[in-house]
$ cat my_file36.tsv   # TSV, C-alpha atoms
chain	number	residue	atom	x	y	z
A	789	MET	CA	20.83	-7.37	-24.66
A	790	GLU	CA	18.46	-7.44	-21.72
A	791	CYS	CA	20.14	-7.00	-18.37
A	792	SER	CA	18.01	-6.69	-15.26
A	793	SER	CA	21.08	-5.64	-13.26
A	794	ASP	CA	21.46	-2.49	-15.38
A	795	TRP	CA	19.62	0.51	-13.96
A	796	LYS	CA	18.84	2.02	-17.36
A	797	TRP	CA	17.28	-1.27	-18.44
A	798	GLN	CA	15.16	-1.27	-15.28
A	799	ILE	CA	13.80	2.21	-16.03
A	800	ALA	CA	13.24	1.46	-19.73
A	801	ASN	CA	11.30	-1.67	-18.77
A	802	ARG	CA	9.18	-0.25	-15.95
A	803	ILE	CA	5.77	-1.83	-15.45
A	804	THR	CA	3.24	0.89	-16.15
A	805	THR	CA	0.02	-0.83	-17.26
A	806	ARG	CA	-2.57	-3.14	-15.76
A	807	GLU	CA	-1.82	-5.76	-18.42
A	808	GLN	CA	1.88	-5.83	-17.57
A	809	LEU	CA	1.11	-6.11	-13.86
A	810	GLU	CA	-1.48	-8.87	-14.31
A	811	ALA	CA	1.17	-10.95	-16.05
A	812	LEU	CA	3.00	-10.99	-12.72
A	813	ILE	CA	0.30	-11.01	-10.01
A	814	GLU	CA	-3.45	-11.44	-9.65
A	815	LEU	CA	-5.14	-8.12	-8.93
A	816	THR	CA	-7.89	-7.63	-6.38
A	817	PRO	CA	-11.24	-6.09	-7.43
A	818	GLU	CA	-10.22	-2.81	-5.75
A	819	GLU	CA	-6.95	-2.73	-7.69
A	820	ARG	CA	-8.66	-3.50	-11.00
A	821	ALA	CA	-11.20	-0.75	-10.33
A	822	ALA	CA	-8.39	1.75	-9.81
A	823	PHE	CA	-6.90	0.96	-13.21
A	824	ASP	CA	-10.31	1.03	-14.88
A	825	GLY	CA	-11.22	4.43	-13.43
A	826	GLY	CA	-7.86	6.15	-13.72
A	827	THR	CA	-5.77	7.48	-10.82
A	828	PRO	CA	-4.38	10.92	-9.94
A	829	LEU	CA	-0.83	9.50	-9.91
A	830	PRO	CA	0.31	7.32	-12.83
A	831	PHE	CA	1.32	3.76	-11.99
A	832	ALA	CA	4.96	2.74	-12.38
A	833	VAL	CA	7.22	0.16	-10.73
A	834	THR	CA	10.64	-1.21	-11.65
A	835	PRO	CA	10.89	-4.92	-12.50
A	836	TYR	CA	13.22	-5.25	-9.50
A	837	TYR	CA	10.67	-3.87	-7.05
A	838	ALA	CA	7.78	-5.69	-8.74
A	839	ALA	CA	9.50	-8.95	-7.81
A	840	LEU	CA	9.04	-7.98	-4.14
A	841	LEU	CA	5.28	-7.46	-4.36
A	842	GLY	CA	4.53	-10.86	-2.90
A	843	ASN	CA	4.90	-8.91	0.33
A	844	ALA	CA	1.47	-7.48	1.10
A	845	ALA	CA	2.84	-4.34	2.74
A	846	LEU	CA	5.03	-3.39	-0.22
A	847	ARG	CA	2.20	-4.20	-2.61
A	848	ARG	CA	-0.04	-1.71	-0.80
A	849	THR	CA	2.48	1.11	-1.30
A	850	VAL	CA	2.77	0.92	-5.11
A	851	ILE	CA	-0.35	-0.70	-6.62
A	852	PRO	CA	-3.30	1.71	-7.03
A	853	THR	CA	-6.60	1.01	-5.31
A	854	ASP	CA	-10.00	2.58	-5.82
A	855	ALA	CA	-9.66	4.39	-2.47
A	856	GLU	CA	-7.14	6.90	-3.82
A	857	ARG	CA	-9.73	8.37	-6.17
A	858	HIS	CA	-11.72	9.70	-3.20
A	859	THR	CA	-10.74	13.05	-1.67
A	860	GLY	CA	-11.32	13.23	2.08
A	861	ALA	CA	-11.84	16.21	4.34
A	862	GLY	CA	-8.74	18.38	4.58
A	863	GLU	CA	-6.91	16.61	1.76
A	864	LEU	CA	-5.16	18.75	-0.84
A	865	ALA	CA	-3.28	18.36	-4.09
A	866	ASP	CA	-0.47	20.39	-2.51
A	867	PRO	CA	-0.74	19.57	1.21
A	868	LEU	CA	2.55	21.24	2.17
A	869	GLY	CA	1.75	24.51	0.44
A	870	GLU	CA	4.81	24.29	-1.76
A	871	GLU	CA	3.28	26.24	-4.63
A	872	GLN	CA	2.76	29.32	-2.46
A	873	HIS	CA	6.50	29.26	-1.66
A	874	ARG	CA	7.69	28.65	-5.23
A	875	ALA	CA	10.55	31.08	-5.90
A	876	THR	CA	11.37	29.83	-9.42
A	877	GLU	CA	10.08	27.06	-11.64
A	878	HIS	CA	12.28	24.54	-9.82
A	879	LEU	CA	12.87	26.11	-6.42
A	880	ILE	CA	10.68	26.10	-3.29
A	881	HIS	CA	11.79	28.49	-0.53
A	882	THR	CA	9.78	27.79	2.63
A	883	TYR	CA	12.29	27.89	5.49
A	884	PRO	CA	14.50	31.00	5.83
A	885	ASP	CA	17.84	29.16	5.47
A	886	LYS	CA	16.77	26.13	3.39
A	887	ALA	CA	15.56	25.63	-0.16
A	888	LEU	CA	14.00	22.70	-2.00
A	889	PHE	CA	15.35	22.15	-5.52
A	890	LEU	CA	12.92	20.12	-7.68
A	891	ALA	CA	15.36	18.70	-10.21
A	892	THR	CA	13.02	16.27	-11.99
A	893	THR	CA	9.46	14.98	-11.98
A	894	HIS	CA	10.63	11.45	-12.78
A	895	CYS	CA	10.62	8.52	-10.33
A	896	SER	CA	11.46	4.94	-11.22
A	897	THR	CA	8.64	3.73	-8.95
A	898	HIS	CA	5.58	5.73	-7.87
A	899	CYS	CA	4.56	5.53	-4.20
A	900	ARG	CA	0.77	5.76	-3.94
A	901	TYR	CA	0.88	8.20	-0.99
A	902	CYS	CA	3.26	10.60	-2.80
A	903	THR	CA	3.10	14.17	-1.49
A	904	ARG	CA	3.92	15.47	-4.97
A	905	SER	CA	1.48	13.32	-6.94
A	906	ARG	CA	0.38	16.60	-8.59
A	907	LEU	CA	3.80	16.73	-10.30
A	908	VAL	CA	5.39	13.28	-10.42
A	909	GLY	CA	5.14	11.37	-13.66
A	910	LYS	CA	3.56	14.27	-15.54
A	911	ASN	CA	6.33	14.54	-18.16
A	912	SER	CA	9.39	12.69	-19.43
A	913	GLY	CA	11.60	13.95	-16.63
A	914	ALA	CA	14.09	15.50	-19.06
A	915	SER	CA	16.37	17.95	-17.28
A	916	PRO	CA	15.47	21.59	-18.10
A	917	PRO	CA	17.73	24.65	-17.73
A	918	PHE	CA	18.16	25.67	-14.10
A	919	ALA	CA	19.82	29.05	-14.60
A	920	GLU	CA	17.05	31.03	-12.92
A	921	SER	CA	17.18	28.80	-9.85
A	922	PHE	CA	20.95	29.12	-9.50
A	923	GLN	CA	20.66	32.89	-9.82
A	924	TYR	CA	18.05	32.96	-7.06
A	925	LEU	CA	20.28	30.89	-4.78
A	926	GLU	CA	23.27	33.13	-5.46
A	927	LYS	CA	21.23	36.21	-4.59
A	928	HIS	CA	19.72	34.82	-1.38
A	929	THR	CA	22.74	34.51	0.88
A	930	GLU	CA	20.58	33.41	3.82
A	931	ILE	CA	20.17	29.99	2.16
A	932	ARG	CA	22.72	27.56	3.58
A	933	ASP	CA	21.06	24.21	2.94
A	934	VAL	CA	19.64	22.88	-0.35
A	935	LEU	CA	17.64	19.67	-0.64
A	936	VAL	CA	17.63	18.34	-4.19
A	937	SER	CA	14.46	16.34	-4.73
A	938	GLY	CA	11.72	15.82	-7.27
A	939	GLY	CA	10.80	13.16	-8.46
A	940	ASP	CA	13.99	11.31	-7.72
A	941	PRO	CA	17.26	13.08	-8.61
A	942	LEU	CA	19.23	9.83	-8.63
A	943	THR	CA	17.33	8.78	-11.77
A	944	LEU	CA	19.13	11.59	-13.61
A	945	PRO	CA	22.19	10.69	-15.74
A	946	ASP	CA	25.54	11.10	-14.00
A	947	ALA	CA	26.54	14.04	-16.21
A	948	THR	CA	23.31	15.93	-15.47
A	949	LEU	CA	23.57	15.31	-11.74
A	950	ASP	CA	27.25	16.28	-11.73
A	951	ALA	CA	26.51	19.59	-13.47
A	952	LEU	CA	23.67	20.39	-11.06
A	953	LEU	CA	25.74	19.64	-7.96
A	954	SER	CA	28.74	21.51	-9.35
A	955	ASN	CA	26.65	24.64	-9.79
A	956	LEU	CA	25.32	24.35	-6.25
A	957	ARG	CA	28.81	23.88	-4.83
A	958	LYS	CA	30.02	27.02	-6.61
A	959	ILE	CA	27.72	29.11	-4.38
A	960	PRO	CA	29.85	29.92	-1.31
A	961	HIS	CA	27.07	30.41	1.25
A	962	ILE	CA	25.50	26.98	0.56
A	963	ARG	CA	27.04	24.79	3.24
A	964	THR	CA	24.97	21.62	2.96
A	965	VAL	CA	23.63	19.80	-0.10
A	966	ARG	CA	21.23	16.91	0.38
A	967	ILE	CA	19.54	14.58	-2.10
A	968	GLY	CA	16.17	12.98	-1.38
A	969	SER	CA	15.85	9.55	-2.99
A	970	LYS	CA	14.17	6.14	-2.86
A	971	VAL	CA	16.54	4.69	-5.45
A	972	PRO	CA	18.42	2.32	-3.10
A	973	ALA	CA	15.09	0.66	-2.24
A	974	VAL	CA	13.51	0.48	-5.69
A	975	LEU	CA	16.50	0.65	-8.07
A	976	PRO	CA	19.60	-0.42	-6.12
A	977	MET	CA	21.60	-1.20	-9.27
A	978	ARG	CA	21.72	2.58	-9.88
A	979	ILE	CA	24.24	2.87	-7.02
A	980	THR	CA	27.31	2.36	-9.18
A	981	GLU	CA	30.94	3.09	-8.31
A	982	ALA	CA	30.79	6.08	-10.66
A	983	LEU	CA	27.72	7.51	-8.92
A	984	CYS	CA	29.29	7.01	-5.49
A	985	ALA	CA	32.43	8.85	-6.61
A	986	LEU	CA	30.29	11.70	-7.94
A	987	LEU	CA	28.35	12.04	-4.68
A	988	ARG	CA	31.55	11.86	-2.64
A	989	LYS	CA	33.15	14.59	-4.76
A	990	HIS	CA	30.29	16.97	-3.99
A	991	ARG	CA	30.09	16.03	-0.26
A	992	VAL	CA	26.40	15.16	-0.53
A	993	TRP	CA	24.15	13.88	2.23
A	994	LEU	CA	21.52	11.34	1.16
A	995	SER	CA	18.04	11.45	2.66
A	996	LEU	CA	16.67	8.03	1.73
A	997	HIS	CA	13.09	6.78	1.82
A	998	PHE	CA	12.34	3.37	3.30
A	999	THR	CA	8.93	2.08	4.40
A	1000	HIS	CA	9.33	-1.56	5.41
A	1001	PRO	CA	12.06	-4.08	6.36
A	1002	ALA	CA	11.16	-6.18	3.29
A	1003	GLU	CA	12.85	-3.44	1.23
A	1004	LEU	CA	16.20	-4.27	2.84
A	1005	THR	CA	17.09	-6.96	0.33
A	1006	PRO	CA	20.69	-8.10	-0.25
A	1007	GLU	CA	20.80	-5.77	-3.29
A	1008	THR	CA	19.62	-2.77	-1.30
A	1009	ARG	CA	21.96	-3.52	1.62
A	1010	SER	CA	24.85	-3.81	-0.81
A	1011	ALA	CA	23.95	-0.48	-2.44
A	1012	CYS	CA	23.84	1.31	0.92
A	1013	ARG	CA	27.11	-0.22	2.08
A	1014	ARG	CA	28.75	0.83	-1.17
A	1015	LEU	CA	27.64	4.39	-0.51
A	1016	SER	CA	28.90	4.15	3.05
A	1017	ASP	CA	32.26	2.78	1.92
A	1018	HIS	CA	32.62	5.95	-0.16
A	1019	GLY	CA	32.06	8.07	2.93
A	1020	ILE	CA	28.58	9.27	1.93
A	1021	ALA	CA	26.40	10.16	4.92
A	1022	MET	CA	22.89	8.71	4.87
A	1023	VAL	CA	19.72	9.25	6.88
A	1024	SER	CA	16.30	7.75	6.31
A	1025	GLN	CA	12.76	9.10	6.29
A	1026	THR	CA	9.92	6.65	6.87
A	1027	VAL	CA	6.29	7.59	6.27
A	1028	LEU	CA	3.95	6.02	8.81
A	1029	LEU	CA	1.40	4.07	6.77
A	1030	LYS	CA	-1.68	2.16	7.90
A	1031	GLY	CA	-1.44	-1.53	7.05
A	1032	VAL	CA	2.19	-1.19	6.02
A	1033	ASN	CA	4.38	-0.28	8.97
A	1034	ASP	CA	2.04	0.88	11.76
A	1035	ASP	CA	3.19	-1.62	14.38
A	1036	SER	CA	6.20	-1.42	16.67
A	1037	GLN	CA	7.81	-4.70	15.60
A	1038	THR	CA	7.85	-3.74	11.91
A	1039	LEU	CA	9.34	-0.35	12.73
A	1040	ALA	CA	11.95	-1.88	15.06
A	1041	ASP	CA	13.00	-4.37	12.37
A	1042	LEU	CA	13.23	-1.59	9.79
A	1043	PHE	CA	15.19	0.83	11.95
A	1044	TYR	CA	17.67	-1.81	13.15
A	1045	GLY	CA	18.08	-3.02	9.57
A	1046	LEU	CA	18.85	0.51	8.44
A	1047	LEU	CA	21.52	0.93	11.13
A	1048	GLU	CA	23.10	-2.32	9.95
A	1049	THR	CA	23.48	-0.76	6.50
A	1050	ASN	CA	24.92	2.49	7.97
A	1051	VAL	CA	21.73	4.49	7.44
A	1052	LYS	CA	20.55	6.56	10.43
A	1053	PRO	CA	16.76	6.52	10.98
A	1054	TYR	CA	15.99	10.24	11.01
A	1055	TYR	CA	12.26	10.92	10.61
A	1056	LEU	CA	9.09	8.94	11.12
A	1057	LEU	CA	6.68	11.14	9.16
A	1058	GLN	CA	2.96	11.35	9.71
A	1059	CYS	CA	1.46	10.73	6.26
A	1060	ASP	CA	0.74	14.04	4.51
A	1061	PRO	CA	-2.95	14.70	3.72
A	1062	VAL	CA	-2.50	14.52	-0.03
A	1063	ARG	CA	-5.63	13.81	-2.07
A	1064	GLY	CA	-6.80	10.20	-1.78
A	1065	SER	CA	-4.57	9.32	1.19
A	1066	ALA	CA	-7.16	8.62	3.92
A	1067	HIS	CA	-6.65	4.85	3.63
A	1068	PHE	CA	-2.95	5.32	4.41
A	1069	ARG	CA	-3.16	7.74	7.33
A	1070	THR	CA	-3.03	6.63	10.94
A	1071	PRO	CA	-4.29	8.68	13.92
A	1072	VAL	CA	-1.63	11.01	15.30
A	1073	GLU	CA	-2.06	9.42	18.73
A	1074	LYS	CA	-1.01	6.09	17.23
A	1075	GLY	CA	2.21	7.58	15.90
A	1076	ILE	CA	3.00	8.98	19.33
A	1077	GLY	CA	2.33	5.59	20.90
A	1078	LEU	CA	4.55	3.79	18.42
A	1079	ILE	CA	7.54	6.06	19.03
A	1080	ARG	CA	7.08	5.77	22.78
A	1081	SER	CA	6.98	1.98	22.46
A	1082	LEU	CA	10.40	2.04	20.78
A	1083	HIS	CA	12.16	4.20	23.37
A	1084	GLY	CA	14.03	1.93	25.77
A	1085	ARG	CA	13.19	-1.11	23.66
A	1086	ILE	CA	15.66	-0.51	20.84
A	1087	SER	CA	18.92	1.42	20.58
A	1088	GLY	CA	18.54	5.20	20.76
A	1089	LEU	CA	20.46	5.39	17.48
A	1090	ALA	CA	17.64	3.45	15.83
A	1091	VAL	CA	14.82	5.72	17.04
A	1092	PRO	CA	13.85	8.51	14.61
A	1093	GLN	CA	12.00	11.72	15.40
A	1094	TYR	CA	8.23	11.60	14.87
A	1095	VAL	CA	7.08	14.68	12.94
A	1096	ILE	CA	4.09	16.19	11.19
A	1097	ASP	CA	4.85	18.30	8.13
A	1098	ALA	CA	2.41	21.10	8.90
A	1099	PRO	CA	-0.16	21.44	6.09
A	1100	GLY	CA	0.06	24.74	4.27
A	1101	GLY	CA	3.83	25.16	4.47
A	1102	GLY	CA	4.48	25.34	8.20
A	1103	GLY	CA	7.41	22.95	8.04
A	1104	LYS	CA	8.16	19.87	10.11
A	1105	VAL	CA	6.84	19.91	13.67
A	1106	PRO	CA	8.35	17.35	16.09
A	1107	ILE	CA	5.62	15.56	18.04
A	1108	LEU	CA	6.80	14.42	21.47
A	1109	GLY	CA	3.55	13.53	23.22
A	1110	THR	CA	-0.23	13.83	23.28
A	1111	GLU	CA	-0.01	16.81	25.63
A	1112	GLN	CA	1.55	18.76	22.75
A	1113	ILE	CA	-1.41	18.45	20.39
A	1114	HIS	CA	-4.79	20.11	20.59
A	1115	ARG	CA	-7.90	18.82	18.83
A	1116	GLU	CA	-10.66	20.90	17.28
A	1117	GLY	CA	-13.33	18.70	15.76
A	1118	ASN	CA	-11.72	16.45	13.19
A	1119	GLU	CA	-8.43	18.32	13.16
A	1120	ILE	CA	-5.20	18.32	15.16
A	1121	ILE	CA	-3.70	21.77	15.80
A	1122	VAL	CA	0.11	21.86	15.70
A	1123	VAL	CA	2.40	24.83	16.28
A	1124	ASN	CA	5.52	25.22	14.12
A	1125	TYR	CA	8.95	26.78	14.78
A	1126	GLU	CA	7.52	30.28	14.13
A	1127	GLY	CA	4.78	29.83	16.71
A	1128	LYS	CA	2.11	29.62	14.00
A	1129	ALA	CA	-0.78	27.16	14.25
A	1130	PHE	CA	-1.57	24.68	11.47
A	1131	ARG	CA	-4.37	22.14	11.09
A	1132	TYR	CA	-3.85	18.48	10.25
A	1133	PRO	CA	-6.95	16.40	9.37
A	1134	ASP	CA	-7.23	13.46	11.77
A	1135	THR	CA	-10.70	12.19	11.01
A	1136	GLU	CA	-10.17	8.53	11.88
A	1137	ALA	CA	-9.16	9.32	15.45
A	1138	ARG	CA	-12.20	11.58	15.81
A	1139	ALA	CA	-14.53	8.86	14.54
A	1140	LYS	CA	-13.15	6.36	17.06
A	1141	GLY	CA	-13.62	8.78	19.92
A	1142	SER	CA	-17.12	9.92	18.98
$ encode --input "my_file36.tsv" --output "structure tokens"
Amino acid sequence: MECSSDWKWQIANRITTREQLEALIELTPEERAAFDGGTPLPFAVTPYYAALLGNAALRRTVIPTDAERHTGAGELADPLGEEQHRATEHLIHTYPDKALFLATTHCSTHCRYCTRSRLVGKNSGASPPFAESFQYLEKHTEIRDVLVSGGDPLTLPDATLDALLSNLRKIPHIRTVRIGSKVPAVLPMRITEALCALLRKHRVWLSLHFTHPAELTPETRSACRRLSDHGIAMVSQTVLLKGVNDDSQTLADLFYGLLETNVKPYYLLQCDPVRGSAHFRTPVEKGIGLIRSLHGRISGLAVPQYVIDAPGGGGKVPILGTEQIHREGNEIIVVNYEGKAFRYPDTEARAKGS
């Protein structure tokens, strides 16, 4: 029997075609052109999240447009240089003491600015053997922190997730295990009592992805509070997106709303220069201005750190002010924790200043 409150039903009934979407909303010419021409990242949205697309900001984040088929200067399929740090099929080792575990390529909903659009949605998401990755982690005793990501690991069955986390927790030098997920925003019915108990058992931190206060529906708030009631620590990462959340009031509403659901705003991320993302990216100077506008205006607990994930694998670089960045032509030069310089394409800001 159909049950929209069942998370497995939601995934099985994802909207993945133009015809399914047009039965719900009227598409713009730019959106129809994207479906006609094909997109680098497949389209998918849960019925739950599709019901929220009357909000123009949320609509922009998940419905393809023709703009994403155009590759701008400095844009890459792998903007963070993950492939050059791939230690095993499922493990990325960029930082000395941290590793990224890519547990699945499956997401219930595909964000159009996805950093891993080269991988997400490219297969069924079935869980493969991870033995080689566990062996690598056991051997590399300098690794103390593992972020399980993908895709979205919380779309995995409980038994698969339990086995993965159990194997990680068997490795004595791994002190912190985190899971990156957008499930509470796009599939809140997945946050069951059984899942919460599983996450509590393995002492997992959740790094959640929220973009806009319209995502903080009663269902999502309930899911986050259920996690909190089970003692599960949660932080949020918000990607700064043009036409979605690039104004101080929207960000203030989002960050206060997250605190009310016991989620700590952690990062405001400059949008990665993934292929076809120019229409989403704001100038770096605007991000700096937005964070400065929030300091003193809202609670310090609600203010995240503004960062650029340095293209090419330099890691996250906190951006505190304009005096920290240096421009060369159409690029911003940022220096990471190792003192190495990395270039971030910032063409819009250059055009405005020319």
$ closest_atom_pairs --input "my_file36.tsv" --of "segment 1026-1138 of chain A" --to "segment 825-841 of chain A" --cutoff "12 Å" --atoms "only C-alpha atoms" --output "CSV"
residue,atom,partner,partner_atom,distance
A:Val1062,CA,A:Pro828,CA,10.7
A:Arg1063,CA,A:Pro828,CA,8.5
A:Gly1064,CA,A:Pro828,CA,8.5
A:Ser1065,CA,A:Pro828,CA,11.2
$ closest_atom_pairs --input "my_file36.tsv" --of "segment 907-937 of chain A" --to "segment 953-963 of chain A" --cutoff "9 Å" --atoms "only C-alpha atoms" --output "CSV"
residue,atom,partner,partner_atom,distance
A:Phe922,CA,A:Leu956,CA,7.2
A:Leu925,CA,A:Ile959,CA,7.7
A:Glu926,CA,A:Ile959,CA,6.1
A:His928,CA,A:His961,CA,9.0
A:Thr929,CA,A:His961,CA,6.0
A:Glu930,CA,A:His961,CA,7.6
A:Ile931,CA,A:Ile962,CA,6.3
A:Arg932,CA,A:Ile962,CA,4.1
A:Asp933,CA,A:Ile962,CA,5.7
A:Val934,CA,A:Ile962,CA,7.2
$ closest_atom_pairs --input "my_file36.tsv" --of "segment 993-1016 of chain A" --to "segment 968-973 of chain A" --cutoff "9 Å" --atoms "only C-alpha atoms" --output "JSON lines"
{"residue": "A:Trp993", "atom": "CA", "partner": "A:Gly968", "partner_atom": "CA", "distance": 8.8}
{"residue": "A:Leu994", "atom": "CA", "partner": "A:Gly968", "partner_atom": "CA", "distance": 6.1}
{"residue": "A:Ser995", "atom": "CA", "partner": "A:Gly968", "partner_atom": "CA", "distance": 4.7}
{"residue": "A:Leu996", "atom": "CA", "partner": "A:Ser969", "partner_atom": "CA", "distance": 5.0}
{"residue": "A:His997", "atom": "CA", "partner": "A:Lys970", "partner_atom": "CA", "distance": 4.8}
{"residue": "A:Phe998", "atom": "CA", "partner": "A:Ala973", "partner_atom": "CA", "distance": 6.8}
{"residue": "A:Glu1003", "atom": "CA", "partner": "A:Ala973", "partner_atom": "CA", "distance": 5.8}
{"residue": "A:Leu1004", "atom": "CA", "partner": "A:Ala973", "partner_atom": "CA", "distance": 7.2}
{"residue": "A:Thr1005", "atom": "CA", "partner": "A:Ala973", "partner_atom": "CA", "distance": 8.3}
{"residue": "A:Glu1007", "atom": "CA", "partner": "A:Pro972", "partner_atom": "CA", "distance": 8.4}
{"residue": "A:Thr1008", "atom": "CA", "partner": "A:Pro972", "partner_atom": "CA", "distance": 5.5}
{"residue": "A:Arg1009", "atom": "CA", "partner": "A:Pro972", "partner_atom": "CA", "distance": 8.3}
{"residue": "A:Ala1011", "atom": "CA", "partner": "A:Pro972", "partner_atom": "CA", "distance": 6.2}
{"residue": "A:Cys1012", "atom": "CA", "partner": "A:Pro972", "partner_atom": "CA", "distance": 6.8}
$ atom_distance --input "my_file36.tsv" --atom1 "atom CA of Glu1116 of chain A" --atom2 "atom CA of Arg1131 of chain A"
8.9 Å
$ closest_residue --input "my_file36.tsv" --among "A:Ser1081, A:Ser792, A:Ser937, A:Asn1033" --to "Arg1069 of chain A" --atoms "all atoms listed in the file"
A:Asn1033
$ closest_atom_pairs --input "my_file36.tsv" --of "segment 970-1064 of chain A" --to "segment 1097-1111 of chain A" --cutoff "8 Å" --atoms "only C-alpha atoms" --output "CSV"
residue,atom,partner,partner_atom,distance
A:Leu1057,CA,A:Asp1097,CA,7.5
A:Gln1058,CA,A:Asp1097,CA,7.4
A:Asp1060,CA,A:Asp1097,CA,6.9
A:Pro1061,CA,A:Pro1099,CA,7.7
$ write_last_selection --input "my_file36.tsv" --atoms "C-alpha atoms" --output "compact mmCIF listing (two decimals), keeping the file's coordinate frame"
# COMPACT_ATOMS: atom_id res chain seq x y z
CA LEU A 1057 6.68 11.14 9.16
CA GLN A 1058 2.96 11.35 9.71
CA ASP A 1060 0.74 14.04 4.51
CA PRO A 1061 -2.95 14.70 3.72
$ closest_residue --input "my_file36.tsv" --among "A:His1083, A:Asp1017, A:Val1027, A:Val1091" --to "Lys1052 of chain A" --atoms "all atoms listed in the file"
A:Val1091
$ atom_distance --input "my_file36.tsv" --atom1 "atom CA of Ala891 of chain A" --atom2 "atom CA of Pro917 of chain A"
9.9 Å
$ closest_residue --input "my_file36.tsv" --among "A:Arg900, A:Gln1037, A:Ala865, A:Tyr883" --to "Ile851 of chain A" --atoms "all atoms listed in the file"
A:Arg900
$ residues_near_point --input "my_file36.tsv" --point "(-7.4, 1.8, -4.1)" --cutoff "6 Å" --atoms "only C-alpha atoms" --output "mmCIF file with C-alpha atoms, keeping the file's coordinate frame"
data_model
loop_
_atom_site.group_PDB
_atom_site.id
_atom_site.type_symbol
_atom_site.label_atom_id
_atom_site.label_comp_id
_atom_site.auth_asym_id
_atom_site.auth_seq_id
_atom_site.Cartn_x
_atom_site.Cartn_y
_atom_site.Cartn_z
ATOM 1 C CA GLU A 818 -10.220 -2.810 -5.750
ATOM 2 C CA GLU A 819 -6.950 -2.730 -7.690
ATOM 3 C CA ALA A 822 -8.390 1.750 -9.810
ATOM 4 C CA PRO A 852 -3.300 1.710 -7.030
ATOM 5 C CA THR A 853 -6.600 1.010 -5.310
ATOM 6 C CA ASP A 854 -10.000 2.580 -5.820
ATOM 7 C CA ALA A 855 -9.660 4.390 -2.470
ATOM 8 C CA GLU A 856 -7.140 6.900 -3.820
#
$ atom_distance --input "my_file36.tsv" --atom1 "atom CA of Val965 of chain A" --atom2 "atom CA of Ala887 of chain A"
10.0 Å
$ axis_aligned_box --input "my_file36.tsv" --around "segment 978-991 of chain A" --padding-each-side "5 Å" --output "JSON"
{"center_x": 27.4, "center_y": 9.7, "center_z": -5.5, "size_x": 21.4, "size_y": 24.6, "size_z": 20.4}
$ closest_residue --input "my_file36.tsv" --among "A:Ala844, A:Ala800, A:Leu986, A:Leu935" --to "Thr882 of chain A" --atoms "only C-alpha atoms"
A:Leu935
$ closest_residue --input "my_file36.tsv" --among "A:Leu890, A:Leu975, A:Ile813, A:Ile1113" --to "Asp1134 of chain A" --atoms "all atoms listed in the file"
A:Ile1113
$ residues_around --input "my_file36.tsv" --residues "segment 978-985 of chain A" --least-positions-apart "4" --cutoff "7 Å" --atoms "all atoms listed in the file" --output "count of residues only"
6
$ closest_residue --input "my_file36.tsv" --among "A:Arg988, A:Pro867, A:Leu879, A:Gly1127" --to "Ser905 of chain A" --atoms "all atoms listed in the file"
A:Pro867
